[in-house]
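J.: What follows is the file work.txt, containing compact mmCIF, C-alpha atoms:
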# COMPACT_ATOMS: atom_id res chain seq x y z
CA MET A 13 178.58 68.31 49.65
CA PRO A 14 176.43 71.21 50.84
CA MET A 15 173.54 70.44 53.16
CA PRO A 16 170.02 71.70 52.41
CA LEU A 17 169.74 74.05 55.41
CA GLU A 18 173.27 75.43 55.40
CA GLY A 19 173.11 79.15 56.16
CA ILE A 20 169.92 78.81 58.23
CA ARG A 21 170.29 79.70 61.91
CA VAL A 22 167.86 78.24 64.44
CA ILE A 23 167.37 79.46 68.01
CA ASP A 24 166.27 76.45 70.04
CA TRP A 25 164.61 77.38 73.33
CA THR A 26 163.15 73.99 74.14
CA ILE A 27 163.20 71.28 76.80
CA TRP A 28 162.48 67.56 77.11
CA GLN A 29 161.81 65.90 73.73
CA GLN A 30 159.17 67.30 71.37
CA GLY A 31 160.82 70.69 70.79
CA PRO A 32 164.44 69.54 70.99
CA VAL A 33 163.94 66.77 68.42
CA CYS A 34 162.43 69.25 65.97
CA ALA A 35 165.50 71.49 66.26
CA ALA A 36 167.82 68.48 66.02
CA MET A 37 166.12 67.48 62.77
CA LEU A 38 166.86 70.92 61.35
CA GLY A 39 170.43 70.56 62.54
CA ASP A 40 170.69 67.18 60.81
CA LEU A 41 169.89 68.98 57.55
CA GLY A 42 172.68 71.50 58.05
CA ALA A 43 171.12 74.35 60.04
CA GLU A 44 173.20 76.05 62.72
CA VAL A 45 171.24 75.39 65.90
CA ILE A 46 171.88 77.39 69.07
CA LYS A 47 170.26 75.78 72.09
CA ILE A 48 169.38 78.21 74.89
CA GLU A 49 169.17 76.74 78.39
CA GLN A 50 168.25 78.38 81.66
CA ARG A 51 171.48 79.32 83.42
CA ASP A 52 170.67 77.75 86.79
CA SER A 53 168.77 74.62 85.77
CA GLY A 54 169.18 73.76 82.11
CA ASP A 55 167.08 71.41 80.06
CA PRO A 56 165.55 68.85 82.49
CA GLY A 57 166.25 66.26 79.82
CA ARG A 58 169.84 66.31 81.03
CA GLY A 59 168.73 64.59 84.24
CA ILE A 60 165.86 62.37 83.15
CA VAL A 61 167.95 59.21 82.89
CA LYS A 62 169.25 59.63 86.43
CA MET A 63 165.71 60.45 87.58
CA SER A 64 164.65 57.05 86.25
CA GLY A 65 167.31 55.35 88.37
CA MET A 66 169.35 54.15 85.41
CA ASP A 67 173.10 53.89 85.91
CA LEU A 68 174.81 55.34 82.84
CA GLY A 69 178.27 54.31 83.89
CA ALA A 70 180.66 55.34 81.10
CA ARG A 71 177.91 55.62 78.53
CA PRO A 72 176.29 58.78 77.13
CA ASN A 73 172.95 60.13 78.29
CA PHE A 74 171.03 58.64 75.39
CA TYR A 75 167.95 60.80 76.00
CA PHE A 76 169.75 64.12 75.85
CA GLU A 77 172.19 63.04 73.13
CA ALA A 78 169.43 61.80 70.81
CA ASN A 79 167.33 64.93 71.26
CA ASN A 80 170.10 67.53 71.05
CA ARG A 81 172.74 66.49 68.56
CA ASN A 82 174.03 68.97 65.98
CA LYS A 83 173.56 71.92 68.35
CA LYS A 84 175.64 74.52 70.14
CA GLY A 85 174.84 75.31 73.76
CA LEU A 86 174.23 78.76 75.32
CA THR A 87 173.17 79.38 78.92
CA LEU A 88 171.26 82.52 79.94
CA ASP A 89 169.25 83.73 82.90
CA LEU A 90 166.26 84.82 80.86
CA LYS A 91 164.72 86.61 83.82
CA LYS A 92 167.35 89.31 83.39
CA PRO A 93 167.02 92.05 80.76
CA ALA A 94 170.62 91.63 79.59
CA ALA A 95 169.94 87.97 78.80
CA ARG A 96 166.79 88.78 76.85
CA ASP A 97 168.74 91.42 74.94
CA ILE A 98 171.17 88.70 73.87
CA VAL A 99 168.22 86.68 72.56
CA TYR A 100 166.92 89.70 70.67
CA GLN A 101 170.32 90.21 69.06
CA LEU A 102 170.43 86.56 68.04
CA VAL A 103 166.90 86.76 66.63
CA ARG A 104 167.96 89.62 64.37
CA GLN A 105 170.55 87.32 62.85
CA SER A 106 168.47 84.13 62.79
CA ASP A 107 165.80 82.50 60.69
CA VAL A 108 163.87 80.24 63.07
CA PHE A 109 162.94 80.35 66.76
CA VAL A 110 161.62 77.11 68.29
CA GLN A 111 160.01 76.87 71.73
CA ASN A 112 157.87 74.36 73.59
CA TYR A 113 157.14 75.95 76.95
CA ARG A 114 153.67 75.93 78.45
CA PHE A 115 151.32 78.54 77.03
CA GLY A 116 152.04 81.96 78.51
CA VAL A 117 155.64 81.38 79.60
CA ALA A 118 157.17 82.92 76.47
CA ALA A 119 154.94 85.99 76.74
CA ARG A 120 155.83 86.54 80.40
CA LEU A 121 159.53 86.51 79.52
CA GLY A 122 159.17 88.70 76.45
CA LEU A 123 160.02 85.85 74.08
CA ASP A 124 156.68 85.27 72.34
CA TYR A 125 156.13 85.97 68.65
CA ALA A 126 154.72 89.44 69.32
CA ALA A 127 157.90 90.39 71.19
CA LEU A 128 160.36 88.87 68.72
CA ARG A 129 158.75 89.84 65.43
CA PRO A 130 159.76 93.53 65.63
CA HIS A 131 163.39 92.40 65.85
CA ASN A 132 163.03 90.26 62.71
CA PRO A 133 159.81 90.39 60.65
CA ARG A 134 161.07 87.47 58.55
CA LEU A 135 161.41 85.21 61.59
CA ILE A 136 159.75 81.80 61.60
CA TYR A 137 158.44 81.34 65.16
CA ALA A 138 157.62 77.69 65.86
CA SER A 139 155.79 76.33 68.91
CA ALA A 140 155.50 72.68 69.91
CA THR A 141 152.30 72.41 71.93
CA GLY A 142 150.10 69.79 73.52
CA TYR A 143 146.62 70.54 72.23
CA GLY A 144 147.02 73.25 69.62
CA PRO A 145 146.94 77.07 69.71
CA GLU A 146 143.15 77.42 70.02
CA GLY A 147 140.41 76.04 72.25
CA PRO A 148 139.66 75.81 75.98
CA GLU A 149 142.59 73.46 76.71
CA ARG A 150 145.32 75.27 74.80
CA THR A 151 146.96 76.29 78.08
CA ASP A 152 147.07 72.77 79.52
CA PRO A 153 150.48 71.14 79.91
CA SER A 154 151.21 68.00 77.93
CA PHE A 155 153.79 65.25 77.69
CA ASP A 156 154.08 62.29 75.34
CA GLN A 157 151.71 60.23 77.48
CA MET A 158 148.99 62.82 77.03
CA GLY A 159 149.45 62.77 73.27
CA LEU A 160 149.05 59.00 73.17
CA ALA A 161 145.94 59.13 75.33
CA ARG A 162 144.07 62.09 73.86
CA SER A 163 144.66 61.13 70.22
CA GLY A 164 143.14 57.66 70.50
CA MET A 165 146.44 55.87 70.01
CA MET A 166 146.26 54.03 73.33
CA LEU A 167 143.00 52.41 72.29
CA ALA A 168 144.15 51.74 68.73
CA CYS A 169 147.06 49.50 69.79
CA GLY A 170 146.59 45.90 70.79
CA GLU A 171 143.55 43.67 70.54
CA PRO A 172 139.89 44.07 71.58
CA ASP A 173 139.23 44.04 75.32
CA MET A 174 142.80 45.02 76.16
CA PRO A 175 143.18 48.08 78.40
CA PRO A 176 144.70 51.23 76.88
CA LEU A 177 148.29 50.49 75.90
CA GLN A 178 151.34 52.69 76.16
CA VAL A 179 153.82 52.82 73.29
CA ALA A 180 157.44 53.12 74.42
CA GLY A 181 159.93 55.68 73.21
CA GLY A 182 158.01 58.95 73.23
CA ILE A 183 156.39 58.54 69.81
CA ALA A 184 153.91 61.39 70.35
CA ASP A 185 156.87 63.66 71.10
CA GLN A 186 158.69 62.32 68.04
CA MET A 187 155.65 62.78 65.82
CA GLY A 188 155.03 66.29 67.15
CA ALA A 189 158.67 67.13 66.41
CA ILE A 190 158.45 65.75 62.89
CA MET A 191 155.33 67.74 62.11
CA LEU A 192 156.79 70.94 63.55
CA ALA A 193 159.93 70.51 61.44
CA TYR A 194 157.68 69.91 58.42
CA GLY A 195 155.84 73.16 59.16
CA ILE A 196 159.09 75.08 59.61
CA LEU A 197 160.42 73.88 56.26
CA ALA A 198 157.17 74.94 54.60
CA ALA A 199 157.38 78.35 56.29
CA LEU A 200 160.99 78.82 55.15
CA LEU A 201 159.94 78.06 51.59
CA ALA A 202 157.01 80.46 51.88
CA ARG A 203 159.37 83.14 53.16
CA GLU A 204 161.59 82.68 50.11
CA ARG A 205 158.60 82.86 47.78
CA PHE A 206 156.48 85.53 49.47
CA GLY A 207 158.88 87.35 51.81
CA VAL A 208 156.90 86.75 54.99
CA GLY A 209 157.78 85.39 58.41
CA GLN A 210 155.06 83.65 60.39
CA GLU A 211 154.09 81.51 63.36
CA VAL A 212 154.04 77.71 63.10
CA ASP A 213 152.35 75.39 65.60
CA ALA A 214 152.34 71.59 65.79
CA SER A 215 150.76 69.78 68.72
CA HIS A 216 150.76 66.30 70.20
CA LEU A 217 147.06 66.03 69.50
CA GLY A 218 147.10 67.19 65.88
CA SER A 219 150.23 65.25 65.00
CA MET A 220 148.97 61.98 66.43
CA ILE A 221 145.62 62.40 64.70
CA TRP A 222 147.50 62.80 61.42
CA LEU A 223 149.55 59.70 62.20
CA GLN A 224 146.26 57.77 62.38
CA GLY A 225 144.82 59.53 59.37
CA LEU A 226 143.31 56.47 57.70
CA SER A 227 141.45 55.33 60.79
CA VAL A 228 140.24 58.85 61.53
CA ALA A 229 139.08 59.20 57.91
CA ALA A 230 137.09 55.98 58.30
CA ARG A 231 135.43 57.47 61.37
CA THR A 232 134.59 60.80 59.75
CA MET A 233 133.41 59.38 56.42
CA MET A 234 131.99 55.99 57.36
CA GLY A 235 130.97 56.55 60.96
CA PHE A 236 133.41 54.07 62.52
CA ALA A 237 137.13 53.90 63.17
CA ILE A 238 139.21 50.93 62.07
CA PRO A 239 138.81 48.61 65.06
CA ARG A 240 141.42 46.72 67.03
CA MET A 241 141.78 43.32 65.42
CA PRO A 242 142.14 40.01 67.29
CA ARG A 243 145.17 38.12 65.98
CA GLN A 244 143.54 34.72 66.41
CA TYR A 245 140.55 35.72 64.30
CA ALA A 246 142.15 37.95 61.67
CA ALA A 247 139.69 38.21 58.79
CA ASN A 248 142.60 37.90 56.39
CA PRO A 249 144.99 35.25 57.79
CA LEU A 250 147.64 36.48 55.37
CA TRP A 251 147.55 39.90 57.06
CA ASN A 252 148.72 38.69 60.43
CA HIS A 253 151.76 37.64 62.47
CA TYR A 254 152.81 34.19 63.63
CA ARG A 255 155.15 32.74 66.25
CA CYS A 256 157.86 30.40 64.97
CA LYS A 257 159.50 27.47 66.73
CA ASP A 258 162.27 29.65 68.20
CA ASP A 259 159.74 32.14 69.69
CA GLN A 260 160.57 34.65 66.96
CA TRP A 261 157.69 36.17 65.03
CA ILE A 262 157.07 36.59 61.31
CA CYS A 263 154.61 39.09 59.81
CA LEU A 264 152.56 38.55 56.66
CA GLY A 265 151.21 41.47 54.63
CA MET A 266 149.27 40.16 51.65
CA LEU A 267 146.30 42.47 51.16
CA GLN A 268 145.06 40.49 48.12
CA PRO A 269 145.21 37.01 49.63
CA ASP A 270 143.46 35.19 46.81
CA ARG A 271 146.47 35.95 44.59
CA TYR A 272 148.77 34.23 47.06
CA TRP A 273 146.83 31.55 48.96
CA ALA A 274 147.53 28.51 46.76
CA ASP A 275 151.24 29.24 46.31
CA PHE A 276 151.58 30.21 49.96
CA VAL A 277 150.14 27.04 51.47
CA ARG A 278 152.14 25.02 48.95
CA ALA A 279 155.33 26.72 50.17
CA LEU A 280 154.33 25.91 53.73
CA GLY A 281 154.05 22.23 52.85
CA ARG A 282 150.26 22.17 53.13
CA PRO A 283 149.12 22.14 49.47
CA GLU A 284 145.81 20.49 50.38
CA LEU A 285 144.68 23.78 51.95
CA ALA A 286 144.49 25.32 48.47
CA ALA A 287 141.56 23.05 47.65
CA ASP A 288 139.93 23.21 51.07
CA GLU A 289 136.43 24.63 50.62
CA ARG A 290 136.70 26.46 53.96
CA PHE A 291 139.39 28.65 52.43
CA ALA A 292 138.18 28.90 48.85
CA ASP A 293 138.32 32.68 48.61
CA LEU A 294 138.62 35.84 50.69
CA ARG A 295 134.97 35.84 51.79
CA VAL A 296 134.82 32.20 52.82
CA ARG A 297 138.27 32.35 54.40
CA ALA A 298 137.17 35.32 56.51
CA ALA A 299 134.18 33.33 57.75
CA ASN A 300 136.56 30.56 58.82
CA ALA A 301 139.37 32.86 59.94
CA GLY A 302 139.77 31.27 63.38
CA VAL A 303 140.36 27.85 61.83
CA ALA A 304 142.78 29.23 59.21
CA VAL A 305 144.82 31.16 61.78
CA ALA A 306 144.97 28.12 64.06
CA ILE A 307 146.31 25.97 61.21
CA LEU A 308 148.94 28.57 60.29
CA ASP A 309 149.90 28.87 63.96
CA GLU A 310 150.59 25.13 64.03
CA VAL A 311 152.55 25.22 60.78
CA PHE A 312 154.81 28.15 61.71
CA ALA A 313 155.49 26.59 65.13
CA THR A 314 157.28 23.67 63.44
CA LYS A 315 160.36 25.57 62.23
CA PRO A 316 162.55 28.45 63.43
CA ARG A 317 162.01 31.82 61.80
CA SER A 318 165.19 31.80 59.74
CA GLU A 319 164.02 28.62 57.98
CA TRP A 320 160.62 30.12 57.25
CA VAL A 321 162.22 33.23 55.80
CA ALA A 322 164.30 31.08 53.45
CA ILE A 323 161.29 28.95 52.51
CA LEU A 324 159.07 31.94 51.73
CA ARG A 325 161.77 33.71 49.72
CA ALA A 326 162.25 30.61 47.60
CA GLY A 327 158.56 29.73 47.36
CA GLY A 328 157.06 32.78 45.66
CA ASP A 329 156.72 36.55 45.58
CA PHE A 330 155.19 36.75 49.05
CA ILE A 331 154.90 39.92 51.11
CA PHE A 332 156.30 39.31 54.56
CA THR A 333 158.98 40.41 57.01
CA VAL A 334 160.37 39.59 60.42
CA VAL A 335 158.99 41.15 63.60
CA ASN A 336 161.94 42.95 65.16
CA SER A 337 162.37 44.06 68.72
CA VAL A 338 164.04 47.43 69.18
CA ASN A 339 167.02 45.50 70.54
CA GLU A 340 167.44 43.81 67.16
CA LEU A 341 167.37 46.94 65.00
CA PRO A 342 171.09 47.89 65.17
CA ASP A 343 172.05 44.44 63.83
CA ASP A 344 169.42 44.30 61.08
CA PRO A 345 171.31 44.18 57.73
CA GLN A 346 168.69 46.36 56.02
CA VAL A 347 168.99 48.99 58.74
CA GLN A 348 172.76 48.91 58.39
CA ALA A 349 172.73 49.09 54.59
CA ASN A 350 170.66 52.29 54.64
CA HIS A 351 172.51 53.84 57.60
CA TYR A 352 169.27 54.18 59.55
CA ILE A 353 171.53 53.51 62.51
CA THR A 354 175.04 54.79 61.99
CA ASP A 355 178.35 55.23 63.76
CA PHE A 356 179.24 58.63 65.20
CA ASP A 357 182.68 59.55 66.51
CA HIS A 358 181.70 61.05 69.85
CA PRO A 359 184.47 63.25 71.31
CA GLN A 360 183.91 61.85 74.80
CA PHE A 361 182.65 58.31 74.25
CA GLY A 362 184.35 57.36 70.98
CA THR A 363 182.51 55.38 68.31
CA THR A 364 178.84 55.52 69.26
CA GLN A 365 175.85 54.15 67.38
CA VAL A 366 173.19 56.79 66.79
CA VAL A 367 169.93 56.95 64.87
CA GLY A 368 170.69 58.04 61.33
CA LEU A 369 168.64 60.24 59.04
CA PRO A 370 165.39 58.66 57.80
CA VAL A 371 165.41 60.71 54.58
CA ARG A 372 168.09 60.54 51.91
CA LEU A 373 168.85 63.49 49.63
CA SER A 374 171.10 62.41 46.78
CA GLU A 375 172.84 65.75 46.19
CA THR A 376 172.55 67.59 49.51
CA PRO A 377 172.48 64.94 52.26
CA GLY A 378 172.27 65.78 55.92
CA SER A 379 174.55 64.33 58.57
CA VAL A 380 175.24 63.87 62.26
CA ARG A 381 178.19 66.19 62.95
CA LEU A 382 178.03 67.38 66.55
CA PRO A 383 177.23 65.69 69.87
CA ALA A 384 174.73 67.24 72.22
CA PRO A 385 176.43 70.25 73.82
CA GLU A 386 177.81 70.25 77.31
CA PHE A 387 175.93 72.66 79.56
CA GLY A 388 176.79 76.16 78.31
CA GLN A 389 179.61 74.78 76.16
CA HIS A 390 179.44 77.42 73.42
CA THR A 391 178.28 80.47 75.39
CA GLU A 392 181.46 82.46 74.94
CA GLU A 393 181.88 81.34 71.33
CA ILE A 394 178.39 82.56 70.43
CA LEU A 395 178.64 85.85 72.28
CA ASN A 396 182.05 86.66 70.85
CA GLY A 397 181.89 85.05 67.40
CA VAL A 398 178.25 85.66 66.48
CA LEU A 399 177.29 88.80 68.40
CA GLY A 400 180.69 90.46 68.66
CA TYR A 401 180.83 90.83 72.45
CA SER A 402 184.27 91.68 73.79
CA TRP A 403 185.90 89.43 76.37
CA GLU A 404 185.47 92.24 78.89
CA GLN A 405 181.74 92.35 78.20
CA ILE A 406 181.53 88.56 78.51
CA ALA A 407 183.36 88.68 81.84
CA ALA A 408 180.92 91.30 83.09
CA LEU A 409 177.95 89.13 82.08
CA LYS A 410 179.43 86.28 84.09
CA GLU A 411 179.86 88.49 87.13
CA GLN A 412 176.25 89.62 86.80
CA GLN A 413 175.19 85.95 86.50
CA VAL A 414 173.49 86.65 83.19
CA ILE A 415 175.41 83.78 81.56
Could you quickly redo this structure as structure tokens?
T.:
Amino acid sequence: MPMPLEGIRVIDWTIWQQGPVCAAMLGDLGAEVIKIEQRDSGDPGRGIVKMSGMDLGARPNFYFEANNRNKKGLTLDLKKPAARDIVYQLVRQSDVFVQNYRFGVAARLGLDYAALRPHNPRLIYASATGYGPEGPERTDPSFDQMGLARSGMMLACGEPDMPPLQVAGGIADQMGAIMLAYGILAALLARERFGVGQEVDASHLGSMIWLQGLSVAARTMMGFAIPRMPRQYAANPLWNHYRCKDDQWICLGMLQPDRYWADFVRALGRPELAADERFADLRVRAANAGVAVAILDEVFATKPRSEWVAILRAGGDFIFTVVNSVNELPDDPQVQANHYITDFDHPQFGTTQVVGLPVRLSETPGSVRLPAPEFGQHTEEILNGVLGYSWEQIAALKEQQVI
């Protein structure tokens, strides 16, 4: 089957996570992605796992692989005019240019939108930033941690009185990448409809605000954000999570608890709670939330989670699920059934589990086709096959340390 972005060429001049993941997402949908790395240093993401002290052994660099799959690799010394000329030639034959360097770096190297647009007026020029393209802090550097902190996410996680909490896995980078890819797709559609290229920007700050859109809307319209909620005093005990006998957790999600309360407590083996005046309806139950949660804590602690799952499935149309750790995701049958984690035949490491595509297109699905490129792996292929450089010219560029 064709893929939705087949025929689209993306120049990926990015490092670390936010920018690379955006370009990888486009590659997942079929775009040809050419990753440009600095000739003498490369993407620092190649070394981050070793920097952390982790021993990879015979396993892939998960950080770089996850962020740079479905790409071809090109190395250039962008401080040299001949290298920049190669970029300009690629831009003339490309659709999208993605970068995430600190504000001002692209302009100093002649790779900002103003410099590239004359080479291709239809170019979509996309920047992954920390704090957005305007304002007094637009030049400040940013990493995932900054996105979590500045957006309010650190103080939205957890319970009242907890200190700010980190969220593992670079989710501000991931969210920034998702929003930038969303903007690029919109810009490509606009180009088809209106014939214009344009700049696209998505930042840590803006993306993480959007991720918390409901809470931010409560703040702007009602004057208060949705607060951190204490688990032991959840106003709706059926919108909460409980520890089972085997130290596994189960999560309840019944937003209209009065519809479920009687059948639910009956399934739990505590039918008398349906007639208990302390839990007569949503309002009264909220006033006695601490007592209700304590009772449910005791009940769930009597059986392992697998038994509770079976009991709840048989007892009614309840809304609940298990609380997974990240370690459990690859073995989750629902994850497997939808290929949210899938097998990839890595040319170096063999069958390797990778994160699959989160979106399914029935007629033009995307796919994971290429591993992250080795450093400079496709330099000659791109220069010769895409730009038409002769082997003599390529040899000269090597001698001049341009590539």
J.: Env of region 378-383 of chain A: 7 Å cut, atoms = all atoms listed in the file, seq-sep filter 3 positions within chain, self excluded. Answer as a ChimeraX atom specification.
T.: /A:15,40-42,77,81-83,358
J.: I'd like to know which of A:Phe276, A:Phe109, A:Tyr245, A:Phe74 is closest to Ala384 (chain A), using only C-alpha atoms.
T.: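 Under the stated criterion, the closest residue is A:Phe74.
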J.: Counting only C-alpha atoms, which residues come within 6 Å of (152.9, 64.8, 70.5), with the point read in the file's coordinates, and could you list them as a list in words?
T.: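 I get Asp156, Gly159, Ala184, Asp185, Met187, Gly188, Ser215 and His216 of chain A for the residues within 6 Å of that point.
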J.: Take the point (166.7, 82.1, 62.5) in the file's coordinates, draw a sphere of radius 10 Å around it, and report as a ChimeraX atom specification every protein, DNA or RNA residue with an atom inside or on it, counting only C-alpha atoms.
T.: /A:19-24,43-46,102-110,132,134-137,200
J.: Output C-alpha atoms for every residue in that selection, as an mmCIF file, in the frame of the given file.
T.:
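Below you can see again02.cif, which holds the result:
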data_model
loop_
_atom_site.group_PDB
_atom_site.id
_atom_site.type_symbol
_atom_site.label_atom_id
_atom_site.label_comp_id
_atom_site.auth_asym_id
_atom_site.auth_seq_id
_atom_site.Cartn_x
_atom_site.Cartn_y
_atom_site.Cartn_z
ATOM 1 C CA GLY A 19 173.110 79.150 56.160
ATOM 2 C CA ILE A 20 169.920 78.810 58.230
ATOM 3 C CA ARG A 21 170.290 79.700 61.910
ATOM 4 C CA VAL A 22 167.860 78.240 64.440
ATOM 5 C CA ILE A 23 167.370 79.460 68.010
ATOM 6 C CA ASP A 24 166.270 76.450 70.040
ATOM 7 C CA ALA A 43 171.120 74.350 60.040
ATOM 8 C CA GLU A 44 173.200 76.050 62.720
ATOM 9 C CA VAL A 45 171.240 75.390 65.900
ATOM 10 C CA ILE A 46 171.880 77.390 69.070
ATOM 11 C CA LEU A 102 170.430 86.560 68.040
ATOM 12 C CA VAL A 103 166.900 86.760 66.630
ATOM 13 C CA ARG A 104 167.960 89.620 64.370
ATOM 14 C CA GLN A 105 170.550 87.320 62.850
ATOM 15 C CA SER A 106 168.470 84.130 62.790
ATOM 16 C CA ASP A 107 165.800 82.500 60.690
ATOM 17 C CA VAL A 108 163.870 80.240 63.070
ATOM 18 C CA PHE A 109 162.940 80.350 66.760
ATOM 19 C CA VAL A 110 161.620 77.110 68.290
ATOM 20 C CA ASN A 132 163.030 90.260 62.710
ATOM 21 C CA ARG A 134 161.070 87.470 58.550
ATOM 22 C CA LEU A 135 161.410 85.210 61.590
ATOM 23 C CA ILE A 136 159.750 81.800 61.600
ATOM 24 C CA TYR A 137 158.440 81.340 65.160
ATOM 25 C CA LEU A 200 160.990 78.820 55.150
#
J.: What gap, in Å, lies between CA of Leu192 (chain A) and CA of Ala214 (chain A)?
T.: 5.0 Å
J.: Quick one: residues within 10 Å of Trp273 (chain A), all atoms listed in the file, excluding same-chain residues fewer than 6 positions away - as a VMD selection string?
T.: chain A and resid 249 to 250 266 279 283 285 to 286 291 to 294 330
J.: Using all atoms listed in the file, which residue out of A:Arg282, A:Lys315, A:Arg114, A:Arg295 lies closest to Trp261 (chain A)?
T.: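 Counting all atoms listed in the file, the residue closest to Trp261 (chain A) is A:Lys315.
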J.: May I have the residues within 9 Å of Thr141 (chain A) as a count of residues only, using all atoms listed in the file and disregarding those fewer than 3 positions away in the same chain?
T.: 18
J.: Determine, counting only C-alpha atoms, which protein, DNA and RNA residues have an atom within 12 Å of an atom of Arg96 (chain A); residues of the same chain fewer than 2 positions away are not included. Present the result as a PDB file with C-alpha atoms, keeping the file's coordinate frame.
T.:
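Once everything was written out, this is out-v8.pdb:
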ATOM      1  CA  ILE A  48     169.380  78.210  74.890  1.00  0.00           C
ATOM      2  CA  GLN A  50     168.250  78.380  81.660  1.00  0.00           C
ATOM      3  CA  THR A  87     173.170  79.380  78.920  1.00  0.00           C
ATOM      4  CA  LEU A  88     171.260  82.520  79.940  1.00  0.00           C
ATOM      5  CA  ASP A  89     169.250  83.730  82.900  1.00  0.00           C
ATOM      6  CA  LEU A  90     166.260  84.820  80.860  1.00  0.00           C
ATOM      7  CA  LYS A  91     164.720  86.610  83.820  1.00  0.00           C
ATOM      8  CA  LYS A  92     167.350  89.310  83.390  1.00  0.00           C
ATOM      9  CA  PRO A  93     167.020  92.050  80.760  1.00  0.00           C
ATOM     10  CA  ALA A  94     170.620  91.630  79.590  1.00  0.00           C
ATOM     11  CA  ILE A  98     171.170  88.700  73.870  1.00  0.00           C
ATOM     12  CA  VAL A  99     168.220  86.680  72.560  1.00  0.00           C
ATOM     13  CA  TYR A 100     166.920  89.700  70.670  1.00  0.00           C
ATOM     14  CA  GLN A 101     170.320  90.210  69.060  1.00  0.00           C
ATOM     15  CA  LEU A 102     170.430  86.560  68.040  1.00  0.00           C
ATOM     16  CA  VAL A 103     166.900  86.760  66.630  1.00  0.00           C
ATOM     17  CA  ALA A 118     157.170  82.920  76.470  1.00  0.00           C
ATOM     18  CA  ARG A 120     155.830  86.540  80.400  1.00  0.00           C
ATOM     19  CA  LEU A 121     159.530  86.510  79.520  1.00  0.00           C
ATOM     20  CA  GLY A 122     159.170  88.700  76.450  1.00  0.00           C
ATOM     21  CA  LEU A 123     160.020  85.850  74.080  1.00  0.00           C
ATOM     22  CA  ASP A 124     156.680  85.270  72.340  1.00  0.00           C
ATOM     23  CA  ALA A 127     157.900  90.390  71.190  1.00  0.00           C
ATOM     24  CA  LEU A 128     160.360  88.870  68.720  1.00  0.00           C
ATOM     25  CA  VAL A 414     173.490  86.650  83.190  1.00  0.00           C
ATOM     26  CA  ILE A 415     175.410  83.780  81.560  1.00  0.00           C
TER      27      ILE A 415
END
J.: I'd like the contact shell of Leu267 (chain A) - 10 Å cut-off, all atoms listed in the file, skipping same-chain residues fewer than 4 positions apart - returned as a list in words.
T.: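 Surrounding residues, per the criterion: Asn248, Pro249, Leu250, Trp251, Arg271, Tyr272 and Ile331 of chain A.
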J.: How far is it from CA of Gln346 (chain A) to CA of Ala189 (chain A), in Å with one decimal?
T.: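 CA of Ala189 (chain A) lies 25.3 Å from CA of Gln346 (chain A).
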J.: Take CA of Phe155 (chain A) and CA of Gly65 (chain A) and report the distance between them in Å, one decimal.
T.: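 About the pair CA of Phe155 (chain A) and CA of Gly65 (chain A): they are 19.9 Å apart.
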J.: Counting all atoms listed in the file, figure out which residue out of A:Ala70, A:Cys256, A:Ala35, A:Leu226 gets nearest to Gln360 (chain A).
T.: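 Closest candidate: A:Ala70.
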J.: Might I get the box with edges along x, y and z of the file that holds all atoms of region 163-173 of chain A listed there, padded by 4 Å on every side, given as centre and edge lengths in Å to one decimal, as AutoDock Vina command-line options?
T.:
--center_x 143.1 --center_y 52.4 --center_z 72.0 --size_x 15.8 --size_y 25.5 --size_z 14.6
J.: Using all atoms listed in the file for the distances, tell me which of A:Gly328, A:Gly147, A:Pro239, A:Gly281 is nearest to Leu308 (chain A).
T.: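 Going through A:Gly328, A:Gly147, A:Pro239, A:Gly281 one by one, the smallest distance to Leu308 (chain A) is for A:Gly281.
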J.: Counting only C-alpha atoms, figure out which residue out of A:Leu399, A:Leu324, A:Ala138, A:Val277 gets nearest to Glu211 (chain A).
T.: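 Of all the options, A:Ala138 lies closest to Glu211 (chain A).
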J.: Restricting the calculation to all atoms listed in the file: of A:Ala193, A:Cys263, A:Ala408, A:Leu17, which residue gets closest to Val335 (chain A)?
T.: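 Of A:Ala193, A:Cys263, A:Ala408, A:Leu17, the one nearest Val335 (chain A), counting all atoms listed in the file, is A:Cys263.
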